[in-house]
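*Asks:* Pasting in a structure now, in structure tokens, and then I'll have a few things to ask.
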Amino acid sequence: MSYQQERYIAELAVQRATLLTQKVFFEKAKGTVSKDDKSPVTIGDFGAQALIIQAIRKNFPNDEIVAEEEASSLREDKALSAEIWRLVQDIKLEDAESDKILGGPLPSEEGMLDIIDEGKSSGGPKGRIWALDPIDGTKGFLRGGQYAVCLGLIVDGDVKVGAIGTPNLPVDDRVAITASTGAQQTETASNGVLFSAIQGEGATSRPLSSGVLAPSKSISMRPVPDIAQAVFCEGVEAAHSAQGDNAAVAERLGITAPSVRLDSQAKYCSIARGAGDIYLRLPVKKGYQEKIWDHAAGDLIVREAGGQVTDIYGQRLDFSKGRTLAANTGVVAAPKAAQDQVIDAVKVVLKL
Ligand SMILES: Nc1ncnc2c1ncn2[C@@H]1O[C@H](COP(=O)(O)OS(=O)(=O)O)[C@@H](OP(=O)(O)O)[C@H]1O
Ligand SMILES: [Mg+2]
């Protein structure tokens, strides 16, 4: 079956959610609170999750959703809940027809909290499951850097559709990006890209807009005839991936250029469009399990752009196990032809 309709809704829903996240991005106060695991969450995360789940519920009412946030803290913090409700009500696509397709305005503040809580599926090997990260790279979002709004559709454990909005990536594929790219941005039209892919049908990008979807073009990874010339990306936060091990792998491959550090799945998107070649995310904390919403959409977009995405042993990421991947998975992504070479270096460095 073709997933054209799912991709269309995913792209439109992500596009609308980025209108909200960018509004928060340019505000000084982002309504930041700390979650139980000490990671930050903002009014942008909650608002974007509400808008995207509403769109999925309207169009695919029987599907399950695995999403990062839940509303329990908002039910206790009435002021925060009211602030998100105020924010969400103002967000709509300029094209009224497109906005209607996504379900139009949310019903009420209480209804918004219930919608946020519809992302509690436990995931698993069977059925249609949407994996949603309303703001991936929340720390980058707060720092004024890169972040991504990410949505993937997993069917029977396989990622079929992926859509990622990166409001702070340059529209032009050739513009060099750095971790601070977002910080230097003003609200201009030169930034904001929407990436998407359907399994077996390739990957595309288009500028983010505030109305209907802009025309798309197909994207692909660049060939790497000499791996020593490759550019590798990694996370900004040292607590999220082992930057020392990443550097040791690059050194073994003969790469001398410094890494490009970016928050979020913007890393997957960057290499998929050829603005970088390799993404290394070697595990830092023993036992840490990556969340499926942090990888589903990016995994498909890179593979459809001609890349390979695996764990540190060279095995494809397994999205059929629930809300997380296996422990100590890490991520290694590279052009297909170079992947074995990168994995060999990873195995030597990590003594696997
Ligand atoms: N210890 C550890 N190991 C691996 N991954 C972790 C860890 N802690 C958190 N996270 C998740 O990392 C998500 C952000 O990843 P990034 O690639 O943006 O990291 S980085 O900030 O650029 O380094 C981030 O996603 P968001 O919460 O959506 O921002 C976390 O889910
Ligand atoms: Mg998040």
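Convention: chains lettered A, B, ... in structure tokens order; per-chain residue numbering from 1; ligands numbered from 1 as shown.
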If you take only C-alpha atoms and a cut-off of 10 Å, which residues of stretch 259-292 of chain A touch stretch 128-135 of chain A, and what are their nearest atom pairs and distances in Å to one decimal, in chain and number order, as a Markdown table?
*Replies:*
```
| residue | atom | partner | partner_atom | distance |
| --- | --- | --- | --- | --- |
| A:Ser264 | CA | A:Ile135 | CA | 8.6 |
| A:Gln265 | CA | A:Ile135 | CA | 9.9 |
| A:Lys291 | CA | A:Ala131 | CA | 9.4 |
| A:Ile292 | CA | A:Ala131 | CA | 6.7 |
```
*Asks:* What are the closest atom pairs, with distances in Å to one decimal, for each residue of chain A lying within 9 Å of ligand 1, using only C-alpha atoms and all ligand atoms, rows by chain and rising residue number, as a Markdown table?
*Replies:*
```
| residue | atom | partner | partner_atom_place_in_ligand_line | distance |
| --- | --- | --- | --- | --- |
| A:Asp37 | CA | ligand 1 | 8 (N) | 8.7 |
| A:Ser39 | CA | ligand 1 | 27 (O) | 6.4 |
| A:Pro40 | CA | ligand 1 | 27 (O) | 7.1 |
| A:Val41 | CA | ligand 1 | 27 (O) | 7.5 |
| A:Asp45 | CA | ligand 1 | 28 (O) | 8.6 |
| A:Glu68 | CA | ligand 1 | 28 (O) | 7.3 |
| A:Asp133 | CA | ligand 1 | 28 (O) | 5.9 |
| A:Pro134 | CA | ligand 1 | 28 (O) | 7.4 |
| A:Ile135 | CA | ligand 1 | 28 (O) | 5.4 |
| A:Asp136 | CA | ligand 1 | 28 (O) | 3.4 |
| A:Gly137 | CA | ligand 1 | 29 (O) | 3.3 |
| A:Thr138 | CA | ligand 1 | 29 (O) | 3.9 |
| A:Lys139 | CA | ligand 1 | 29 (O) | 6.0 |
| A:Gly140 | CA | ligand 1 | 21 (O) | 6.3 |
| A:Phe141 | CA | ligand 1 | 29 (O) | 8.4 |
| A:Gln146 | CA | ligand 1 | 18 (O) | 8.1 |
| A:Tyr147 | CA | ligand 1 | 18 (O) | 7.0 |
| A:Ala148 | CA | ligand 1 | 28 (O) | 8.5 |
| A:Val149 | CA | ligand 1 | 28 (O) | 9.0 |
| A:Ala179 | CA | ligand 1 | 22 (O) | 8.7 |
| A:Glu234 | CA | ligand 1 | 22 (O) | 6.9 |
| A:Gly235 | CA | ligand 1 | 22 (O) | 3.3 |
| A:Val236 | CA | ligand 1 | 23 (O) | 4.0 |
| A:Glu237 | CA | ligand 1 | 23 (O) | 3.4 |
| A:Ala238 | CA | ligand 1 | 23 (O) | 6.0 |
| A:Ala239 | CA | ligand 1 | 1 (N) | 5.5 |
| A:His240 | CA | ligand 1 | 3 (N) | 3.8 |
| A:Ser241 | CA | ligand 1 | 4 (C) | 5.7 |
| A:Ala242 | CA | ligand 1 | 3 (N) | 8.8 |
| A:Arg261 | CA | ligand 1 | 22 (O) | 7.0 |
| A:Leu262 | CA | ligand 1 | 22 (O) | 5.3 |
| A:Asp263 | CA | ligand 1 | 22 (O) | 3.1 |
| A:Ser264 | CA | ligand 1 | 18 (O) | 3.2 |
| A:Gln265 | CA | ligand 1 | 17 (O) | 6.2 |
| A:Ala266 | CA | ligand 1 | 18 (O) | 8.2 |
| A:Lys267 | CA | ligand 1 | 17 (O) | 7.4 |
| A:Arg281 | CA | ligand 1 | 17 (O) | 7.8 |
| A:Leu282 | CA | ligand 1 | 4 (C) | 8.6 |
| A:Pro283 | CA | ligand 1 | 3 (N) | 6.4 |
| A:Val284 | CA | ligand 1 | 3 (N) | 6.1 |
| A:Lys285 | CA | ligand 1 | 1 (N) | 5.6 |
| A:Lys286 | CA | ligand 1 | 1 (N) | 8.8 |
| A:Tyr288 | CA | ligand 1 | 3 (N) | 5.9 |
| A:Gln289 | CA | ligand 1 | 4 (C) | 7.3 |
| A:Glu290 | CA | ligand 1 | 5 (N) | 5.8 |
| A:Lys291 | CA | ligand 1 | 31 (O) | 6.3 |
| A:Trp293 | CA | ligand 1 | 28 (O) | 8.0 |
| A:Asp294 | CA | ligand 1 | 25 (O) | 6.2 |
| A:Asn328 | CA | ligand 1 | 3 (N) | 8.8 |
| A:Gly330 | CA | ligand 1 | 4 (C) | 7.6 |
```
*Asks:* Go ahead and write the residues just picked, C-alpha atoms, as a PDB file, in the first residue's frame.
*Replies:*
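Final output, saved to again.pdb:
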```pdb
ATOM      1  CA  ASP A  37      14.123  12.621  34.546  1.00  0.00           C
ATOM      2  CA  SER A  39      15.149  16.933  31.214  1.00  0.00           C
ATOM      3  CA  PRO A  40      13.472  20.240  30.283  1.00  0.00           C
ATOM      4  CA  VAL A  41      10.066  20.606  28.646  1.00  0.00           C
ATOM      5  CA  ASP A  45       6.609  20.825  23.526  1.00  0.00           C
ATOM      6  CA  GLU A  68       7.063  12.063  24.471  1.00  0.00           C
ATOM      7  CA  ASP A 133       8.589  14.020  19.432  1.00  0.00           C
ATOM      8  CA  PRO A 134       6.994  17.486  19.457  1.00  0.00           C
ATOM      9  CA  ILE A 135      10.365  19.149  20.131  1.00  0.00           C
ATOM     10  CA  ASP A 136      13.427  16.974  19.716  1.00  0.00           C
ATOM     11  CA  GLY A 137      16.522  18.699  21.050  1.00  0.00           C
ATOM     12  CA  THR A 138      14.705  20.748  23.679  1.00  0.00           C
ATOM     13  CA  LYS A 139      18.073  21.869  25.026  1.00  0.00           C
ATOM     14  CA  GLY A 140      19.012  23.211  21.585  1.00  0.00           C
ATOM     15  CA  PHE A 141      15.609  24.914  21.399  1.00  0.00           C
ATOM     16  CA  GLN A 146      18.762  23.527  16.257  1.00  0.00           C
ATOM     17  CA  TYR A 147      15.694  21.507  17.159  1.00  0.00           C
ATOM     18  CA  ALA A 148      13.221  19.366  15.227  1.00  0.00           C
ATOM     19  CA  VAL A 149       9.515  18.497  15.232  1.00  0.00           C
ATOM     20  CA  ALA A 179      25.341  24.203  16.158  1.00  0.00           C
ATOM     21  CA  GLU A 234      27.253  14.520  16.533  1.00  0.00           C
ATOM     22  CA  GLY A 235      25.106  15.884  19.364  1.00  0.00           C
ATOM     23  CA  VAL A 236      25.911  19.065  21.223  1.00  0.00           C
ATOM     24  CA  GLU A 237      25.201  17.642  24.663  1.00  0.00           C
ATOM     25  CA  ALA A 238      28.091  15.568  26.008  1.00  0.00           C
ATOM     26  CA  ALA A 239      25.587  13.742  28.231  1.00  0.00           C
ATOM     27  CA  HIS A 240      23.708  12.349  25.203  1.00  0.00           C
ATOM     28  CA  SER A 241      26.519  10.768  23.202  1.00  0.00           C
ATOM     29  CA  ALA A 242      30.167   9.895  23.847  1.00  0.00           C
ATOM     30  CA  ARG A 261      27.659  19.570  16.444  1.00  0.00           C
ATOM     31  CA  LEU A 262      23.905  19.907  16.120  1.00  0.00           C
ATOM     32  CA  ASP A 263      21.036  19.177  18.457  1.00  0.00           C
ATOM     33  CA  SER A 264      18.183  16.896  17.499  1.00  0.00           C
ATOM     34  CA  GLN A 265      17.248  14.872  14.424  1.00  0.00           C
ATOM     35  CA  ALA A 266      18.468  17.851  12.385  1.00  0.00           C
ATOM     36  CA  LYS A 267      21.592  15.619  12.245  1.00  0.00           C
ATOM     37  CA  ARG A 281      25.835   8.769  18.464  1.00  0.00           C
ATOM     38  CA  LEU A 282      27.880   6.328  20.525  1.00  0.00           C
ATOM     39  CA  PRO A 283      26.287   5.426  23.856  1.00  0.00           C
ATOM     40  CA  VAL A 284      27.418   7.301  26.906  1.00  0.00           C
ATOM     41  CA  LYS A 285      25.491   5.907  29.864  1.00  0.00           C
ATOM     42  CA  LYS A 286      25.509   2.135  30.280  1.00  0.00           C
ATOM     43  CA  TYR A 288      20.433   3.992  28.400  1.00  0.00           C
ATOM     44  CA  GLN A 289      17.590   3.148  26.053  1.00  0.00           C
ATOM     45  CA  GLU A 290      16.991   5.596  23.194  1.00  0.00           C
ATOM     46  CA  LYS A 291      13.332   6.533  22.705  1.00  0.00           C
ATOM     47  CA  TRP A 293      10.389   9.074  18.832  1.00  0.00           C
ATOM     48  CA  ASP A 294      13.990  10.334  18.804  1.00  0.00           C
ATOM     49  CA  ASN A 328      23.198   0.770  24.522  1.00  0.00           C
ATOM     50  CA  GLY A 330      23.670   4.217  19.944  1.00  0.00           C
TER      51      GLY A 330
END
```
*Asks:* Per DSSP on the backbone, what are the strand (DSSP E or B) residues of stretch 105-147 of chain A, as an MDAnalysis selection string?
*Replies:* chainID A and resid 120 128:136
*Asks:* Using N, CA and C atoms, can you write the selected residues to a file as a PDB file, in the first residue's frame?
*Replies:*
```pdb
ATOM      1  N   LYS A 120       0.026   7.835  24.801  1.00  0.00           N
ATOM      2  CA  LYS A 120       0.576   6.919  25.798  1.00  0.00           C
ATOM      3  C   LYS A 120       0.643   5.464  25.356  1.00  0.00           C
ATOM      4  N   ARG A 128      -0.518  -0.042  13.582  1.00  0.00           N
ATOM      5  CA  ARG A 128      -0.056   1.277  13.101  1.00  0.00           C
ATOM      6  C   ARG A 128       0.187   2.180  14.304  1.00  0.00           C
ATOM      7  N   ILE A 129       1.442   2.597  14.467  1.00  0.00           N
ATOM      8  CA  ILE A 129       1.830   3.378  15.647  1.00  0.00           C
ATOM      9  C   ILE A 129       2.608   4.617  15.204  1.00  0.00           C
ATOM     10  N   TRP A 130       2.085   5.783  15.560  1.00  0.00           N
ATOM     11  CA  TRP A 130       2.798   7.034  15.257  1.00  0.00           C
ATOM     12  C   TRP A 130       3.767   7.332  16.404  1.00  0.00           C
ATOM     13  N   ALA A 131       5.005   7.670  16.067  1.00  0.00           N
ATOM     14  CA  ALA A 131       5.999   8.053  17.080  1.00  0.00           C
ATOM     15  C   ALA A 131       6.214   9.559  16.952  1.00  0.00           C
ATOM     16  N   LEU A 132       5.918  10.275  18.037  1.00  0.00           N
ATOM     17  CA  LEU A 132       5.931  11.751  17.985  1.00  0.00           C
ATOM     18  C   LEU A 132       6.872  12.365  19.010  1.00  0.00           C
ATOM     19  N   ASP A 133       7.799  13.168  18.535  1.00  0.00           N
ATOM     20  CA  ASP A 133       8.589  14.020  19.432  1.00  0.00           C
ATOM     21  C   ASP A 133       8.279  15.468  19.048  1.00  0.00           C
ATOM     22  N   PRO A 134       7.449  16.142  19.856  1.00  0.00           N
ATOM     23  CA  PRO A 134       6.994  17.486  19.457  1.00  0.00           C
ATOM     24  C   PRO A 134       8.142  18.483  19.371  1.00  0.00           C
ATOM     25  N   ILE A 135       9.119  18.369  20.278  1.00  0.00           N
ATOM     26  CA  ILE A 135      10.365  19.149  20.131  1.00  0.00           C
ATOM     27  C   ILE A 135      11.516  18.224  20.490  1.00  0.00           C
ATOM     28  N   ASP A 136      12.222  17.774  19.481  1.00  0.00           N
ATOM     29  CA  ASP A 136      13.427  16.974  19.716  1.00  0.00           C
ATOM     30  C   ASP A 136      14.586  17.965  19.815  1.00  0.00           C
TER      31      ASP A 136
END
```
*Asks:* Rounded to one decimal place, report the atom CA of A:Val24-atom CA of A:Asn191 distance in Å.
*Replies:*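 Here the two named atoms are 16.1 Å from each other.
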*Asks:* Have a look at A:Gln341, A:Thr18, A:Ser218, A:Asn59 and name the one nearest to A:Gly44; count only C-alpha atoms.
*Replies:*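 Checking each of A:Gln341, A:Thr18, A:Ser218, A:Asn59 against A:Gly44, counting only C-alpha atoms, the winner is A:Thr18.
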*Asks:* Which is closer to A:Gly103 than all the others in A:Val33, A:Ile53, A:Leu169, A:Val346, using only C-alpha atoms?
*Replies:*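 When distances to A:Gly103 are compared using only C-alpha atoms, the smallest one comes from A:Ile53.
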*Asks:* Nearest residue to ligand 2 out of A:Glu69, A:Asp340, A:Glu6, A:Asp114, using only C-alpha atoms and all ligand atoms?
*Replies:*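 Ranking A:Glu69, A:Asp340, A:Glu6, A:Asp114 by distance to ligand 2, first place goes to A:Glu69.
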*Asks:* Report, in Å to a single decimal, how far apart atom CA of A:Leu208 and atom CA of A:Ser98 are.
*Replies:* 14.2 Å
